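Structure file protein.txt; described as compact mmCIF, C-alpha atoms.
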```
# COMPACT_ATOMS: atom_id res chain seq x y z
CA MET A 1 16.40 82.11 33.59
CA THR A 2 16.15 78.38 34.26
CA ASP A 3 18.98 76.42 35.84
CA THR A 4 21.44 74.85 33.40
CA PRO A 5 22.03 71.12 34.02
CA ILE A 6 25.77 70.65 34.61
CA ALA A 7 27.89 67.54 34.99
CA MET A 8 31.59 67.08 35.69
CA THR A 9 33.80 64.31 34.40
CA ILE A 10 36.91 63.29 36.33
CA ALA A 11 38.87 61.00 34.04
CA GLY A 12 41.77 60.58 31.67
CA SER A 13 42.08 62.33 28.33
CA ASP A 14 41.92 60.11 25.22
CA SER A 15 44.00 61.69 22.44
CA GLY A 16 42.07 59.58 19.90
CA GLY A 17 38.81 61.19 21.02
CA GLY A 18 36.73 58.05 21.50
CA ALA A 19 36.80 57.47 25.25
CA GLY A 20 37.64 59.22 28.51
CA ILE A 21 37.16 62.96 28.92
CA GLN A 22 36.37 63.41 25.23
CA ALA A 23 33.63 60.76 25.20
CA ASP A 24 32.16 62.13 28.42
CA LEU A 25 31.95 65.70 27.18
CA LYS A 26 30.46 64.55 23.86
CA THR A 27 27.84 62.55 25.75
CA PHE A 28 26.96 65.45 28.05
CA SER A 29 26.55 67.75 25.05
CA ALA A 30 24.49 65.25 23.05
CA LEU A 31 22.12 64.87 26.01
CA GLY A 32 21.68 68.58 26.67
CA VAL A 33 24.00 68.94 29.66
CA TYR A 34 26.84 71.44 30.11
CA GLY A 35 30.08 69.58 30.76
CA CYS A 36 32.99 70.49 33.04
CA SER A 37 36.12 68.41 33.47
CA THR A 38 38.93 67.45 35.80
CA ILE A 39 41.69 65.73 33.84
CA ALA A 40 43.38 63.03 35.91
CA ALA A 41 45.78 61.74 33.24
CA LEU A 42 46.90 62.31 29.68
CA THR A 43 47.06 59.29 27.40
CA ALA A 44 48.72 58.81 24.05
CA GLN A 45 46.24 56.47 22.38
CA ASN A 46 44.29 55.77 19.23
CA THR A 47 41.83 53.10 18.16
CA ARG A 48 44.58 50.48 18.21
CA ALA A 49 46.53 50.95 21.43
CA VAL A 50 47.50 53.07 24.41
CA THR A 51 51.15 53.96 23.87
CA GLY A 52 51.69 56.25 26.86
CA ILE A 53 50.10 57.46 30.10
CA PHE A 54 51.09 60.67 31.89
CA PRO A 55 49.35 61.04 35.27
CA VAL A 56 48.42 64.55 36.36
CA PRO A 57 49.89 65.37 39.80
CA PRO A 58 47.28 64.69 42.52
CA ASP A 59 47.43 68.23 43.92
CA PHE A 60 46.60 69.65 40.49
CA VAL A 61 43.71 67.22 40.12
CA ARG A 62 42.39 68.57 43.40
CA ALA A 63 42.99 72.15 42.20
CA GLN A 64 40.86 71.51 39.13
CA MET A 65 38.06 70.08 41.25
CA ASP A 66 38.17 73.02 43.67
CA ALA A 67 38.15 75.56 40.84
CA VAL A 68 34.99 74.10 39.31
CA PHE A 69 33.07 73.27 42.48
CA THR A 70 33.61 76.71 44.04
CA ASP A 71 32.05 78.43 41.03
CA VAL A 72 29.79 76.04 39.13
CA ALA A 73 26.64 74.25 40.34
CA VAL A 74 27.62 70.71 39.37
CA GLY A 75 24.57 68.44 39.43
CA ALA A 76 26.39 65.14 38.94
CA VAL A 77 29.95 63.83 38.77
CA LYS A 78 31.15 60.99 36.58
CA ILE A 79 34.48 59.37 37.52
CA GLY A 80 36.45 57.35 34.99
CA MET A 81 40.14 56.52 34.65
CA LEU A 82 42.21 57.17 37.78
CA GLY A 83 45.56 55.54 37.20
CA ASP A 84 46.94 55.11 40.70
CA ALA A 85 46.16 55.22 44.41
CA ALA A 86 47.41 58.79 44.93
CA LEU A 87 44.97 60.09 42.29
CA ILE A 88 42.15 58.05 43.83
CA ARG A 89 42.81 59.60 47.24
CA ALA A 90 42.96 63.11 45.78
CA VAL A 91 39.58 62.62 44.11
CA ARG A 92 38.17 61.11 47.31
CA ASP A 93 39.24 64.14 49.32
CA GLY A 94 37.77 66.54 46.76
CA LEU A 95 34.45 64.72 46.71
CA MET A 96 34.26 64.66 50.49
CA ALA A 97 34.99 68.38 50.62
CA HIS A 98 32.40 69.40 48.02
CA GLN A 99 29.69 66.73 48.49
CA PRO A 100 28.15 66.57 44.99
CA ALA A 101 24.55 65.38 44.84
CA TRP A 102 25.34 62.45 42.53
CA ILE A 103 28.54 60.46 41.96
CA VAL A 104 28.70 57.91 39.14
CA LEU A 105 31.84 55.76 39.24
CA ASP A 106 33.01 53.79 36.22
CA PRO A 107 35.87 51.64 37.57
CA VAL A 108 38.03 51.81 34.44
CA MET A 109 40.86 49.28 34.52
CA VAL A 110 41.60 48.22 30.93
CA ALA A 111 41.25 50.01 27.60
CA LYS A 112 39.34 48.46 24.69
CA SER A 113 42.75 47.68 23.17
CA GLY A 114 43.61 45.55 26.22
CA ASP A 115 46.11 48.02 27.68
CA ALA A 116 46.03 48.46 31.48
CA LEU A 117 44.76 51.85 32.71
CA LEU A 118 44.79 51.21 36.47
CA ALA A 119 47.78 49.96 38.46
CA ARG A 120 46.97 46.56 39.96
CA GLU A 121 47.90 47.75 43.46
CA ALA A 122 45.41 50.63 43.16
CA VAL A 123 42.33 48.39 42.97
CA SER A 124 42.11 48.16 46.76
CA ALA A 125 42.22 51.97 47.00
CA LEU A 126 39.37 52.18 44.51
CA VAL A 127 37.33 49.74 46.59
CA GLU A 128 38.09 51.32 49.96
CA ASP A 129 38.16 55.02 49.10
CA LEU A 130 35.70 55.58 46.26
CA LEU A 131 33.10 52.82 46.17
CA PRO A 132 31.57 53.90 49.51
CA LEU A 133 31.17 57.46 48.17
CA ALA A 134 29.53 56.43 44.89
CA HIS A 135 25.81 56.63 44.31
CA VAL A 136 26.17 54.40 41.23
CA ILE A 137 29.00 52.18 39.99
CA THR A 138 29.05 50.81 36.42
CA PRO A 139 31.54 47.92 36.15
CA ASN A 140 31.66 45.44 33.32
CA LEU A 141 32.01 41.77 34.23
CA PRO A 142 35.86 41.60 34.29
CA GLU A 143 35.96 44.82 36.35
CA ALA A 144 33.40 43.41 38.78
CA ALA A 145 35.50 40.25 39.22
CA ALA A 146 38.60 42.38 39.89
CA LEU A 147 36.79 44.58 42.43
CA LEU A 148 35.60 41.45 44.23
CA ASP A 149 39.03 39.78 43.92
CA ARG A 150 37.51 36.75 42.24
CA PRO A 151 39.58 34.77 39.73
CA ASP A 152 36.60 33.10 38.08
CA ALA A 153 34.71 34.88 35.31
CA ILE A 154 31.14 36.04 35.84
CA ALA A 155 29.58 34.05 33.04
CA ASP A 156 25.78 33.98 33.36
CA PRO A 157 22.84 36.06 34.64
CA ASP A 158 22.63 34.24 37.98
CA ALA A 159 26.31 34.96 38.61
CA MET A 160 25.68 38.61 37.67
CA VAL A 161 22.98 38.89 40.33
CA GLU A 162 25.24 37.38 42.98
CA ALA A 163 28.18 39.60 41.99
CA ALA A 164 26.03 42.75 41.96
CA LYS A 165 24.84 41.96 45.50
CA ALA A 166 28.46 41.53 46.63
CA LEU A 167 29.40 44.85 45.01
CA LEU A 168 26.50 46.59 46.72
CA ASP A 169 27.86 45.32 50.04
CA LEU A 170 31.07 47.31 49.36
CA GLY A 171 29.22 50.58 49.85
CA PRO A 172 27.76 52.11 46.68
CA ARG A 173 24.05 52.94 46.70
CA ALA A 174 23.46 51.26 43.34
CA VAL A 175 25.22 48.93 40.91
CA VAL A 176 24.78 48.86 37.16
CA LEU A 177 26.52 45.62 36.17
CA LYS A 178 27.09 45.53 32.43
CA GLY A 179 26.55 42.22 30.66
CA GLY A 180 28.39 42.92 27.43
CA HIS A 181 30.98 40.21 28.16
CA LEU A 182 28.38 37.44 28.36
CA ALA A 183 28.58 34.80 25.65
CA GLY A 184 26.04 34.78 22.85
CA GLN A 185 23.78 37.58 21.68
CA ASP A 186 22.56 38.73 25.10
CA SER A 187 23.95 42.06 26.27
CA SER A 188 21.60 42.82 29.15
CA ASP A 189 22.64 44.96 32.09
CA LEU A 190 21.50 44.69 35.71
CA LEU A 191 20.54 47.62 37.96
CA LEU A 192 20.61 46.67 41.64
CA THR A 193 19.78 48.83 44.66
CA ALA A 194 18.78 48.04 48.22
CA GLU A 195 15.16 48.28 47.04
CA GLY A 196 15.44 45.66 44.33
CA SER A 197 16.76 44.80 40.88
CA THR A 198 15.86 45.64 37.29
CA TRP A 199 17.12 43.93 34.15
CA LEU A 200 17.84 46.23 31.22
CA PRO A 201 17.52 43.97 28.18
CA GLY A 202 19.82 44.36 25.23
CA ARG A 203 21.05 42.42 22.20
CA ARG A 204 24.61 42.37 20.97
CA ILE A 205 25.19 44.72 18.02
CA ASN A 206 27.53 43.35 15.36
CA THR A 207 30.25 46.03 15.13
CA ALA A 208 33.92 46.36 16.05
CA ASN A 209 33.41 50.07 16.77
CA THR A 210 32.81 49.96 20.51
CA HIS A 211 35.61 52.16 21.82
CA GLY A 212 34.30 54.30 24.68
CA THR A 213 31.12 52.35 25.42
CA GLY A 214 31.73 52.19 29.18
CA CYS A 215 32.67 55.85 29.44
CA THR A 216 29.64 56.82 27.40
CA LEU A 217 27.13 54.80 29.43
CA SER A 218 28.34 56.14 32.77
CA SER A 219 28.45 59.74 31.54
CA ALA A 220 24.95 59.33 30.07
CA ILE A 221 23.72 58.21 33.50
CA ALA A 222 25.38 61.26 35.07
CA ALA A 223 23.78 63.50 32.45
CA GLY A 224 20.33 62.17 33.28
CA LEU A 225 20.87 62.66 36.99
CA ALA A 226 22.14 66.22 36.40
CA LYS A 227 18.87 66.92 34.55
CA GLY A 228 16.88 65.79 37.56
CA GLU A 229 15.86 62.33 36.36
CA THR A 230 15.34 59.54 38.87
CA LEU A 231 18.06 56.91 39.04
CA ASP A 232 15.85 54.34 37.28
CA ASP A 233 15.00 56.74 34.47
CA ALA A 234 18.60 57.95 34.10
CA VAL A 235 19.89 54.38 33.78
CA LYS A 236 17.18 53.34 31.32
CA SER A 237 17.65 56.42 29.12
CA ALA A 238 21.45 55.93 29.22
CA LYS A 239 21.03 52.30 28.12
CA ALA A 240 18.93 53.42 25.17
CA TYR A 241 21.41 56.16 24.25
CA ILE A 242 24.45 53.87 24.23
CA ALA A 243 22.58 51.21 22.26
CA ASN A 244 21.76 53.77 19.57
CA ALA A 245 25.32 55.14 19.62
CA ILE A 246 26.72 51.64 19.07
CA ALA A 247 24.16 50.85 16.36
CA ALA A 248 25.22 54.01 14.49
CA ALA A 249 28.97 53.52 15.05
CA ASP A 250 29.62 52.10 11.60
CA ARG A 251 28.46 55.37 10.06
CA LEU A 252 31.77 56.78 11.32
CA SER A 253 35.15 55.95 9.78
CA VAL A 254 37.76 56.65 12.46
CA GLY A 255 41.07 54.81 12.73
CA HIS A 256 41.98 51.21 11.99
CA GLY A 257 41.19 49.46 15.28
CA HIS A 258 38.21 49.63 17.63
CA GLY A 259 36.50 52.78 16.38
CA PRO A 260 34.36 55.02 18.58
CA VAL A 261 30.63 54.88 19.11
CA HIS A 262 28.61 57.64 17.44
CA HIS A 263 27.83 60.11 20.22
CA PHE A 264 26.02 62.48 17.89
CA HIS A 265 23.99 59.90 15.97
CA ALA A 266 20.80 61.92 16.52
CA TYR A 267 22.31 65.07 15.01
CA TRP A 268 24.55 63.92 12.16
CA ALA A 269 22.04 61.59 10.49
CA GLU A 270 20.80 64.04 7.86
CA ALA A 271 24.37 64.85 6.89
CA GLY A 272 24.96 61.18 6.15
CA LYS A 273 27.79 60.98 8.65
```

Please, can you express the file's structure as structure tokens?
Amino acid sequence: MTDTPIAMTIAGSDSGGGAGIQADLKTFSALGVYGCSTIAALTAQNTRAVTGIFPVPPDFVRAQMDAVFTDVAVGAVKIGMLGDAALIRAVRDGLMAHQPAWIVLDPVMVAKSGDALLAREAVSALVEDLLPLAHVITPNLPEAAALLDRPDAIADPDAMVEAAKALLDLGPRAVVLKGGHLAGQDSSDLLLTAEGSTWLPGRRINTANTHGTGCTLSSAIAAGLAKGETLDDAVKSAKAYIANAIAAADRLSVGHGHGPVHHFHAYWAEAGK
């Protein structure tokens, strides 16, 4: 019997199904990886708004992590929404205790609807307690500016390179800086490690259905790493997967706001979904 690739998501639950834990588990499944989860918060949300957040007590977050790690061979961990500093510290302690081979951190701060998902005072805890443990971080441009405490927007590729270098100095082994907030049709991402940088070219896809894109990209990277791919290959395959999921998003009809990307675009095509 061959080993089963397994990944864990530590994030918030999205009741609308498009982001968070739900998006992560869908991504793992679509990419052939068994998914486990640690739920850090419950959210009442849909494609239009987040109307409520209920944090899970930090000790129970740690209990979930311990239960999975002491039984299941987790190959990679993806971290998403952690609403406050106490949750961040609980996750930090669990990661330090269990030492997973790969940690992918998506520093989620704001939902696609514009609603805040991370307390402002918790950003410093994210920087100090989790960034140094992460093998890969996947911020978008506003998140990168917040992590670096910079008021000015990161508005062009040269600024992306400089910001990625500053983020790398905060401790992660690699930075995937997402360029989706650049003006125009360019939506290229930048992978930066101590060994060098790689641009991942992309063009903007004309759709409003982009809910869960950040969660999906980071969980796709974790899935690739859990399967034994190199970091470069995992990031490149994740970029291709999310591009296809966005391109197929309009085949879904979900809600009246920012609809979800199509995680199962490769499997539902013949059904016309």

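Proximity ranking of A:Ser218, A:Gln64, A:Gln185, A:Thr193 relative to A:Met81 places A:Ser218 first, based on only C-alpha atoms.
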
(request) Could you please determine the separation between atom CA of A:Ala134 and atom CA of A:Ala30 in Å, to one decimal place? (result) 24.1 Å

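For the choices A:Ala159, A:Val261, A:Ala85, A:Ala49, the atom-to-atom distance to A:Glu128 is smallest for A:Ala85 when using only C-alpha atoms.
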
Listing only residues of stretch 170-209 of chain A within 12 Å of stretch 142-150 of chain A, what is the closest atom pair and its distance in Å (to one decimal) for each, using all atoms listed in the file, sorted by chain and residue number ascending, as a tab-separated table?
```
residue	atom	partner	partner_atom	distance
A:Leu170	CA	A:Leu148	CA	9.0
A:Val175	CA	A:Ala144	CA	10.1
A:Val176	CA	A:Ala144	CA	10.3
A:Leu177	CA	A:Ala144	CA	7.7
A:Lys178	CA	A:Ala144	CA	9.2
A:Gly179	CA	A:Pro142	CA	10.0
A:Gly180	CA	A:Pro142	CA	10.2
A:His181	CA	A:Pro142	CA	8.0
A:Leu182	CA	A:Pro142	CA	10.4
```

I need the residues from that last selection saved to file as a compact mmCIF listing (two decimals), in the frame of the given file (with C-alpha atoms), if you can.
```txt
# COMPACT_ATOMS: atom_id res chain seq x y z
CA LEU A 170 31.07 47.31 49.36
CA VAL A 175 25.22 48.93 40.91
CA VAL A 176 24.78 48.86 37.16
CA LEU A 177 26.52 45.62 36.17
CA LYS A 178 27.09 45.53 32.43
CA GLY A 179 26.55 42.22 30.66
CA GLY A 180 28.39 42.92 27.43
CA HIS A 181 30.98 40.21 28.16
CA LEU A 182 28.38 37.44 28.36
```

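With only C-alpha atoms as the basis for measurement, A:Lys26 is the residue among A:Lys26, A:Arg92, A:Lys236, A:His135 that approaches A:His263 most closely.
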
(message) Please determine, counting all atoms listed in the file, which residue among A:Pro151, A:Ala97, A:Val235, A:Thr4 has the shortest atom-to-atom distance to A:Thr198.
(response) A:Val235

Rebuild all heavy atoms on stretch 59-70 of chain A, as an mmCIF file, keeping the file's coordinate frame?
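The resulting out_37.cif:
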```
data_model
loop_
_atom_site.group_PDB
_atom_site.id
_atom_site.type_symbol
_atom_site.label_atom_id
_atom_site.label_comp_id
_atom_site.auth_asym_id
_atom_site.auth_seq_id
_atom_site.Cartn_x
_atom_site.Cartn_y
_atom_site.Cartn_z
ATOM 1 N N ASP A 59 47.816 66.909 43.400
ATOM 2 C CA ASP A 59 47.430 68.230 43.920
ATOM 3 C C ASP A 59 46.812 69.091 42.822
ATOM 4 O O ASP A 59 45.944 69.937 43.098
ATOM 5 C CB ASP A 59 48.609 68.935 44.578
ATOM 6 C CG ASP A 59 49.806 69.130 43.652
ATOM 7 O OD1 ASP A 59 49.820 68.547 42.558
ATOM 8 O OD2 ASP A 59 50.726 69.889 44.036
ATOM 9 N N PHE A 60 47.203 68.870 41.572
ATOM 10 C CA PHE A 60 46.600 69.650 40.490
ATOM 11 C C PHE A 60 45.229 69.090 40.111
ATOM 12 O O PHE A 60 44.354 69.835 39.662
ATOM 13 C CB PHE A 60 47.518 69.705 39.275
ATOM 14 C CG PHE A 60 47.129 70.774 38.298
ATOM 15 C CD1 PHE A 60 47.332 72.115 38.605
ATOM 16 C CD2 PHE A 60 46.527 70.461 37.098
ATOM 17 C CE1 PHE A 60 46.947 73.120 37.725
ATOM 18 C CE2 PHE A 60 46.138 71.448 36.209
ATOM 19 C CZ PHE A 60 46.351 72.786 36.524
ATOM 20 N N VAL A 61 45.054 67.787 40.278
ATOM 21 C CA VAL A 61 43.710 67.220 40.120
ATOM 22 C C VAL A 61 42.771 67.861 41.125
ATOM 23 O O VAL A 61 41.665 68.296 40.782
ATOM 24 C CB VAL A 61 43.745 65.687 40.288
ATOM 25 C CG1 VAL A 61 42.334 65.118 40.407
ATOM 26 C CG2 VAL A 61 44.466 65.035 39.109
ATOM 27 N N ARG A 62 43.222 67.943 42.368
ATOM 28 C CA ARG A 62 42.390 68.570 43.400
ATOM 29 C C ARG A 62 42.156 70.055 43.080
ATOM 30 O O ARG A 62 41.045 70.581 43.298
ATOM 31 C CB ARG A 62 43.064 68.422 44.775
ATOM 32 C CG ARG A 62 42.322 69.100 45.918
ATOM 33 C CD ARG A 62 40.912 68.535 46.130
ATOM 34 N NE ARG A 62 40.156 69.349 47.078
ATOM 35 C CZ ARG A 62 40.200 69.203 48.400
ATOM 36 N NH1 ARG A 62 40.966 68.259 48.944
ATOM 37 N NH2 ARG A 62 39.473 69.973 49.181
ATOM 38 N N ALA A 63 43.157 70.736 42.556
ATOM 39 C CA ALA A 63 42.990 72.150 42.200
ATOM 40 C C ALA A 63 41.922 72.332 41.131
ATOM 41 O O ALA A 63 41.128 73.282 41.177
ATOM 42 C CB ALA A 63 44.325 72.732 41.737
ATOM 43 N N GLN A 64 41.900 71.437 40.149
ATOM 44 C CA GLN A 64 40.860 71.510 39.130
ATOM 45 C C GLN A 64 39.475 71.318 39.737
ATOM 46 O O GLN A 64 38.525 72.052 39.414
ATOM 47 C CB GLN A 64 41.093 70.442 38.053
ATOM 48 C CG GLN A 64 42.336 70.631 37.200
ATOM 49 C CD GLN A 64 42.529 69.447 36.264
ATOM 50 O OE1 GLN A 64 41.843 69.319 35.257
ATOM 51 N NE2 GLN A 64 43.456 68.563 36.615
ATOM 52 N N MET A 65 39.348 70.326 40.605
ATOM 53 C CA MET A 65 38.060 70.080 41.250
ATOM 54 C C MET A 65 37.609 71.297 42.048
ATOM 55 O O MET A 65 36.451 71.738 41.950
ATOM 56 C CB MET A 65 38.155 68.852 42.163
ATOM 57 C CG MET A 65 38.383 67.537 41.440
ATOM 58 S SD MET A 65 38.578 66.134 42.580
ATOM 59 C CE MET A 65 36.906 65.997 43.229
ATOM 60 N N ASP A 66 38.522 71.873 42.840
ATOM 61 C CA ASP A 66 38.170 73.020 43.670
ATOM 62 C C ASP A 66 37.755 74.211 42.818
ATOM 63 O O ASP A 66 36.800 74.932 43.140
ATOM 64 C CB ASP A 66 39.359 73.414 44.559
ATOM 65 C CG ASP A 66 39.652 72.381 45.646
ATOM 66 O OD1 ASP A 66 38.783 71.527 45.904
ATOM 67 O OD2 ASP A 66 40.759 72.428 46.218
ATOM 68 N N ALA A 67 38.461 74.418 41.703
ATOM 69 C CA ALA A 67 38.150 75.560 40.840
ATOM 70 C C ALA A 67 36.731 75.456 40.295
ATOM 71 O O ALA A 67 35.986 76.453 40.256
ATOM 72 C CB ALA A 67 39.156 75.633 39.697
ATOM 73 N N VAL A 68 36.326 74.262 39.884
ATOM 74 C CA VAL A 68 34.990 74.100 39.310
ATOM 75 C C VAL A 68 33.922 74.150 40.401
ATOM 76 O O VAL A 68 32.941 74.897 40.297
ATOM 77 C CB VAL A 68 34.889 72.778 38.521
ATOM 78 C CG1 VAL A 68 33.463 72.555 38.025
ATOM 79 C CG2 VAL A 68 35.850 72.801 37.339
ATOM 80 N N PHE A 69 34.107 73.374 41.457
ATOM 81 C CA PHE A 69 33.070 73.270 42.480
ATOM 82 C C PHE A 69 32.802 74.596 43.200
ATOM 83 O O PHE A 69 31.683 74.846 43.658
ATOM 84 C CB PHE A 69 33.445 72.209 43.520
ATOM 85 C CG PHE A 69 33.092 70.803 43.103
ATOM 86 C CD1 PHE A 69 34.075 69.845 42.959
ATOM 87 C CD2 PHE A 69 31.772 70.443 42.865
ATOM 88 C CE1 PHE A 69 33.760 68.552 42.583
ATOM 89 C CE2 PHE A 69 31.441 69.143 42.496
ATOM 90 C CZ PHE A 69 32.444 68.188 42.356
ATOM 91 N N THR A 70 33.817 75.446 43.324
ATOM 92 C CA THR A 70 33.610 76.710 44.040
ATOM 93 C C THR A 70 32.945 77.773 43.176
ATOM 94 O O THR A 70 32.646 78.868 43.665
ATOM 95 C CB THR A 70 34.945 77.264 44.564
ATOM 96 O OG1 THR A 70 35.886 77.383 43.482
ATOM 97 C CG2 THR A 70 35.522 76.357 45.640
#
```
